[in-house]
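Participant: Okay, here's the structure, questions in a sec.
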Amino acid sequence: MEEIEETPLISSTEERPPKTEKKLDEKEEPIIVNNSNLVDLKNACDDYIQKFFVNKAEFRQNNTHTDVKLVLGYLACGFALFGGYYGHITPFNEAKEMTIICIIAYFVLNTLLVLYSYIFEKEIIFVGDCMENDNKYTITIQTNTKRYSDIYNIVYEYVGKEKQDSSIKIRNSKYTFSKSFGNWFDVNGVMDIEKFETDLFEGLEIIKTGNKPHEQ
Amino acid sequence: MFEEEIRFLRKMNKRQLAQQILNFLMIISSALMVWKGLALYTNSESPIVVVLSGSMEPAFYRGDLLFLGMPDEPVRVGDICVFKIPGRDVPIVHRVIKLHDEKETGKQYILTKGDNNQVDDRGLYNPGQLWIHREHIVGKVRGFLPYIGIITILMNDYPQLKYVLIGFLGLYMLVNRE
Amino acid sequence: MYNLAQRANAIFAFAMTVQFGLLLSIAISSLYLTSNPIGKVDVRELNIWLYNYDNKETEFAFIEMNLDADLTSLFNWNTKQLFVAVIAEYETKSHDLNQVVLWDSIIQSKEDAHIKEVKVRNEKYDFVDITPKFGEVEAKYSIYWDLMPYVGFLVSGKTESNQTISFPAPDNN
């Protein structure tokens with residue numbers, strides 16, 4: 001079933017130059033994971049999705065979520081380690097105020113970090129945008145797995161700002177895709193990159209055009 | 001030996017690597033901040049100590065864990081205190097058996113003794129020192145948890161064990177994604 | 001949960017959580033156990049002798065007392081031992097609070113927690129002031145107990161006494 005869909009799908013996406021795809025494929029080393037470890041499987045897929053949208057689908061990755069988290073995290077650690085060091089070189093009673101400041105800063109920054117990833121980042125693993133004839137398209141990918149379940153859920157969100165004459169038309173679409181990891185990994189844990197890409201392209205196509213490619 | 005781990009680290013991009021290092025730092029910082037917070041809350045420099053000697057047997061044995069507090073109320077006879085003699089690194093846990101509060105200065109003159117010792121601690125103090133004072137006291141013993149501190153004693157006796165343990169923990173944190 | 005190490009780790013972590021949860025609940029719940037310790041110190045004799053101590057003529061107090069205390073109610077399922085002491089408390093011109101331990105005992109079972117001692121002397125502890133002379137003081141005597149648990153918080157208390165005895169003049173003056 002997958003193979004039949006593959007050929008028309010790839011040929012129908014004009015935006016993607018097929019040359020670059022070939023070149024990158026040759027360089028890629030096989031992705032091998034422990035296929036009884038769900039976290040490993042999800043991480044491998046998440047990583048590949050990011051690679052895919054940057055290299056194959058030519059989106060420019062927007063790292064804001066990761067950067068905000070990294071800045072908050074390193075700031076918090078900075079306060080903590082400074083507090084620890086200051087307390088080490090200063091007598092306990094004199095260092096009290098500085099220690100309180102560091103502890104409060106640490107916990108506030110940590111709370112912000114947790115809140116940020118809970119409210120804004122959620123399950124987002126990739127945000128990227130691309131420009132096409134002055135039209136800006138933004139794609140957001142969220143993924144998740146249920147506990148003890150082999151089903152990998154990918155949620156695509158696509159926002160297009162298309163210039164039409166003088167006004168800007170905003171197009172919004174959302175698509176959820178679910179499949180078992182078993183479709184992309186063999187018994188040895190080797191990822192079938194082509195199959196995975198096929199499924200990713202299908203999702204991308206649906207979100208762009210609003211309907212399934214083979215129905216066209 | 002660590003080929004797989006090194007390959008794992010090399011495969012990651014800059015942000016992923018930064019995230020992995022951050023995960024490791026976060027564990028250290030959280031532990032540090034909880035410890036410091038506890039120290040401030042109990043008003044004691046080191047709120048948890050491990051018993052190193054048998055001088056308070058049968059109450060405390062080597063390896064027992066003691067939780068300290070240092071409330072604003074003054075020291076009283078019968079309190080078990082952890083104190084540091086100036087110029088000595090290792091603190092001592094003993095009971096206060098004699099106490100005199102000076103009227104003019106409010107200074108406390110404290111004499112201690114281990115429950116299991118026959119004589120008071122004047123032999124342990126610095127030569128010529130008859131009393132210890134409030135500023136020598138790190139905290140009063142408030143809580144007790146047996147046996148757990150033996151891990152600390154083992155790590156102090158065999159420092160290699162400590163480094164191996166910390167090294168493996170660090171490596172594990174670096175090469176494992178949650 | 002895909003290999004032995006992970007399963008062992010999960011079981012260990014769970015066991016630890018349960019263990020510390022249990023210990024914490026033991027520690028906290030034993031704070032709410034009520035007890036009713038009673039005790040009395042009856043001072044029979046008080047003598048002062050002068051000795052040369054540290055090149056100073058110093059007053060040593062010698063005391064003889066009867067002790068009667070019932071500390072059995074302090075023994076609950078989390079009591080490891082009791083440290084019991086007789087404490088003398090007095091005030092002098094230069095020091096507003098002086099506390100001296102005169103006698104102590106460690107009790108490790110409920111059967112021994114009923115103390116009935118007669119003619120106890122302060123043989124183990126010297127009863128001297130921080131200054132060489134007591135002067136005109138009146139001391140109060142009380143029984144102090146310190147409960148050490150198997151795990152948890154240390155609890156201590158004192159049975160107040162009203163008996164006050166003025167210090168006599170030195171016998172060998």
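Going through the structure tokens in order, the chains are called A, B, and so on, while each chain numbers its residues from 1 and the ligands are numbered from 1 in the order shown.
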Taking only C-alpha atoms into account and nothing else, which residues of chain B lie no more than 9 Å away from chain A? Please answer as JSON, numbers by chain.
Facilitator: {"B": [15, 16, 18, 19, 22, 23, 25, 26, 28, 29, 30, 32, 33, 34, 36, 37, 40, 43, 44, 45, 177, 178]}
Participant: Using only C-alpha atoms, which residues sit within 7 Å of segment 42-47 of chain C once same-chain residues fewer than 2 positions away are excluded, as JSON, numbers by chain?
Facilitator: {"C": [40, 49, 61, 62, 63, 64, 65, 66, 67, 168, 171]}
Participant: Would you write out, as JSON lines, a table of all residues in segment 66-87 of chain C that have an atom no more than 9 Å from an atom of segment 48-63 of chain B, listing for each the closest atom pair and the distance in Å to one decimal, considering only C-alpha atoms and ordering rows by chain and rising residue number?
Facilitator:
{"residue": "C:Lys80", "atom": "CA", "partner": "B:Ala59", "partner_atom": "CA", "distance": 7.9}
{"residue": "C:Gln81", "atom": "CA", "partner": "B:Ala59", "partner_atom": "CA", "distance": 7.1}
{"residue": "C:Leu82", "atom": "CA", "partner": "B:Ala59", "partner_atom": "CA", "distance": 8.8}
{"residue": "C:Phe83", "atom": "CA", "partner": "B:Ala59", "partner_atom": "CA", "distance": 8.8}
Participant: With N, CA and C atoms retained, could you export that selection as a PDB file, in the first residue's frame?
Facilitator:
ATOM      1  N   LYS C  80      13.659   4.613  71.252  1.00  0.00           N
ATOM      2  CA  LYS C  80      14.855   3.781  71.298  1.00  0.00           C
ATOM      3  C   LYS C  80      15.440   3.811  72.698  1.00  0.00           C
ATOM      4  N   GLN C  81      15.521   4.987  73.258  1.00  0.00           N
ATOM      5  CA  GLN C  81      16.061   5.101  74.606  1.00  0.00           C
ATOM      6  C   GLN C  81      15.709   6.460  75.203  1.00  0.00           C
ATOM      7  N   LEU C  82      15.842   6.532  76.540  1.00  0.00           N
ATOM      8  CA  LEU C  82      15.672   7.805  77.229  1.00  0.00           C
ATOM      9  C   LEU C  82      16.988   8.162  77.888  1.00  0.00           C
ATOM     10  N   PHE C  83      17.348   9.427  77.772  1.00  0.00           N
ATOM     11  CA  PHE C  83      18.452   9.932  78.569  1.00  0.00           C
ATOM     12  C   PHE C  83      17.810  10.713  79.706  1.00  0.00           C
TER      13      PHE C  83
END
Participant: Could you list the residues in chain A lying within 12 Å of chain C, using only C-alpha atoms, and format the result as a ChimeraX atom specification?
Facilitator: /A:34-40,147-148
Participant: Keeping only N, CA and C atoms, write the selected residues to a file as an mmCIF file, in the first residue's frame.
Facilitator:
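Contents of out34.cif, freshly written:
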data_model
loop_
_atom_site.group_PDB
_atom_site.id
_atom_site.type_symbol
_atom_site.label_atom_id
_atom_site.label_comp_id
_atom_site.auth_asym_id
_atom_site.auth_seq_id
_atom_site.Cartn_x
_atom_site.Cartn_y
_atom_site.Cartn_z
ATOM 1 N N ASN A 34 17.437 1.076 19.767
ATOM 2 C CA ASN A 34 16.918 -0.073 20.502
ATOM 3 C C ASN A 34 15.408 -0.050 20.349
ATOM 4 N N ASN A 35 14.891 -0.969 19.547
ATOM 5 C CA ASN A 35 13.466 -0.840 19.211
ATOM 6 C C ASN A 35 12.524 -1.352 20.297
ATOM 7 N N SER A 36 13.066 -1.728 21.437
ATOM 8 C CA SER A 36 12.147 -1.998 22.551
ATOM 9 C C SER A 36 12.098 -0.819 23.516
ATOM 10 N N ASN A 37 12.798 0.249 23.177
ATOM 11 C CA ASN A 37 12.781 1.432 24.018
ATOM 12 C C ASN A 37 11.978 2.534 23.330
ATOM 13 N N LEU A 38 10.791 2.797 23.850
ATOM 14 C CA LEU A 38 9.886 3.756 23.209
ATOM 15 C C LEU A 38 10.486 5.152 23.138
ATOM 16 N N VAL A 39 11.218 5.531 24.214
ATOM 17 C CA VAL A 39 11.810 6.871 24.241
ATOM 18 C C VAL A 39 12.827 7.020 23.119
ATOM 19 N N ASP A 40 13.641 5.966 22.933
ATOM 20 C CA ASP A 40 14.627 5.959 21.848
ATOM 21 C C ASP A 40 13.949 6.110 20.495
ATOM 22 N N ARG A 147 1.726 6.206 26.774
ATOM 23 C CA ARG A 147 2.514 5.267 27.561
ATOM 24 C C ARG A 147 2.214 3.827 27.119
ATOM 25 N N TYR A 148 3.259 3.034 26.956
ATOM 26 C CA TYR A 148 3.153 1.614 26.588
ATOM 27 C C TYR A 148 2.431 1.401 25.277
#
Participant: Report as a tab-separated table: every residue of chain B with an atom at most 10 Å from chain C, its closest pair of atoms, and their distance in Å to one decimal, counting only C-alpha atoms, with rows sorted by chain and ascending residue number.
Facilitator:
residue	atom	partner	partner_atom	distance
B:Pro58	CA	C:Gln81	CA	8.2
B:Ala59	CA	C:Met148	CA	6.8
B:Phe60	CA	C:Met148	CA	9.2
B:Leu65	CA	C:Val151	CA	9.9
B:Leu66	CA	C:Gly152	CA	9.6
B:Phe67	CA	C:Phe153	CA	8.8
B:Arg76	CA	C:Gln99	CA	7.8
B:Val77	CA	C:Gln99	CA	6.2
B:Gly78	CA	C:Asp146	CA	7.4
B:Asp79	CA	C:Asp146	CA	8.4
B:Ile80	CA	C:Asp146	CA	9.5
B:Val96	CA	C:Val101	CA	8.8
B:Ile97	CA	C:Val101	CA	5.3
B:Lys98	CA	C:Val100	CA	4.6
B:Leu99	CA	C:Gln99	CA	5.1
B:His100	CA	C:Asn98	CA	4.4
B:Asp101	CA	C:Leu97	CA	5.2
B:Glu102	CA	C:His95	CA	4.3
B:Lys103	CA	C:His95	CA	4.7
B:Glu104	CA	C:Ser94	CA	7.4
B:Thr105	CA	C:His95	CA	9.6
B:Gly106	CA	C:His95	CA	8.6
B:Lys107	CA	C:His95	CA	9.4
B:Gln108	CA	C:Leu97	CA	9.4
B:Tyr109	CA	C:Ile130	CA	8.6
B:Ile110	CA	C:Gln99	CA	9.7
B:Leu111	CA	C:Val100	CA	9.5
B:Asp115	CA	C:Ile106	CA	8.7
B:Gln118	CA	C:Lys124	CA	8.3
B:Val119	CA	C:Lys124	CA	8.6
B:Asp120	CA	C:Tyr125	CA	9.1
B:Leu130	CA	C:Ile130	CA	9.9
B:Trp131	CA	C:Ile130	CA	9.8
B:Val141	CA	C:Leu154	CA	7.5
B:Arg142	CA	C:Leu154	CA	5.5
B:Gly143	CA	C:Phe153	CA	4.1
B:Phe144	CA	C:Gly152	CA	5.2
B:Leu145	CA	C:Val151	CA	5.1
B:Pro146	CA	C:Val151	CA	6.8
Participant: With DSSP run on the backbone, what are the helix (DSSP H, G or I) residues within chain C? I'd like them as a ChimeraX atom specification.
Facilitator: /C:4-32,72-74,110-113
Participant: Can you work out which one of B:Gly139, B:Gly149, B:Gly128, B:Pro159 has the shortest atom-to-atom distance to Val82 of chain B, counting only C-alpha atoms?
Facilitator: B:Gly139
Participant: Please compute the atom CA of Pro132 of chain C-atom CA of Asn126 of chain B distance, one decimal, in Å.
Facilitator: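 Taking atom CA of Pro132 of chain C as the start and atom CA of Asn126 of chain B as the end point, the length is 22.0 Å.
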Participant: May I ask for the distance between atom CA of Val75 of chain B and atom CA of Leu124 of chain B, given in Å to one decimal place?
Facilitator: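 Separating atom CA of Val75 of chain B from atom CA of Leu124 of chain B is a distance of 19.7 Å.
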Participant: Counting only C-alpha atoms, what is within 10 Å of Asn172 of chain A, bar same-chain residues fewer than 3 positions away, as a CSV table (one decimal) with C-alpha atoms, in the first residue's frame?
Facilitator:
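Result went into result-v6.csv, see below:
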chain,number,residue,atom,x,y,z
A,137,TYR,CA,4.3,29.6,5.5
A,138,THR,CA,4.9,28.5,9.0
A,157,GLU,CA,-0.1,22.8,11.9
A,158,TYR,CA,0.3,25.0,8.9
A,159,VAL,CA,-0.2,28.8,8.7
A,160,GLY,CA,0.1,30.5,5.4
A,161,LYS,CA,0.1,34.3,4.9
A,169,LYS,CA,-5.0,36.1,3.3
A,207,ILE,CA,-1.4,20.2,5.1
A,208,LYS,CA,-0.4,22.3,2.1
A,210,GLY,CA,-5.8,20.4,2.1
Participant: Quick one: residues within 10 Å of Asn62 of chain A, only C-alpha atoms counted, chain neighbours fewer than 6 positions away excluded, as a list of chain:residue names?
Facilitator: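 Surrounding residues, per the criterion: A:Phe126, A:Val127, A:Gly128, A:Asp129, A:Thr138, A:Ile139, A:Thr140.
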Participant: From a DSSP pass on the backbone, collect the residues of chain B flagged as strand (DSSP E or B) and hand them back as a PyMOL selection string.
Facilitator: chain B and resi 48-50+65-69+80-83+92-102+108-113+132+137-145
Participant: Counting only C-alpha atoms, figure out which residue out of A:Asn135, A:Ser178, A:Ser173, A:Gln164 gets nearest to Leu200 of chain A.
Facilitator: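 The closest residue to Leu200 of chain A is A:Ser178.
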Participant: Identify which of the residues A:Ile89, A:Val68, A:Ile101, A:Ile32 lies closest to Val114 of chain A, counting only C-alpha atoms when measuring atom-to-atom distances.
Facilitator: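 Among A:Ile89, A:Val68, A:Ile101, A:Ile32, it is A:Val68 that comes nearest to Val114 of chain A.
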Participant: At a cut-off of 9 Å, using only C-alpha atoms, what residues contact Glu160 of chain C? Leave out same-chain residues fewer than 2 positions from it and give the result as a CSV table (one decimal) with C-alpha atoms, in the first residue's frame.
Facilitator:
chain,number,residue,atom,x,y,z
C,39,GLY,CA,9.1,12.8,88.5
C,40,LYS,CA,10.3,14.3,91.7
C,140,LYS,CA,16.0,24.2,91.9
C,141,TYR,CA,16.3,20.5,91.0
C,142,SER,CA,14.4,18.8,88.2
C,143,ILE,CA,14.4,15.6,86.3
C,144,TYR,CA,15.2,16.1,82.6
C,158,LYS,CA,11.6,18.5,82.3
C,162,ASN,CA,9.3,23.6,93.7
Participant: Record the distance separating atom CA of Asn9 of chain C and atom CA of Ala44 of chain A, expressed in Å with one decimal.
Facilitator: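 Atom CA of Asn9 of chain C sits 23.9 Å away from atom CA of Ala44 of chain A.
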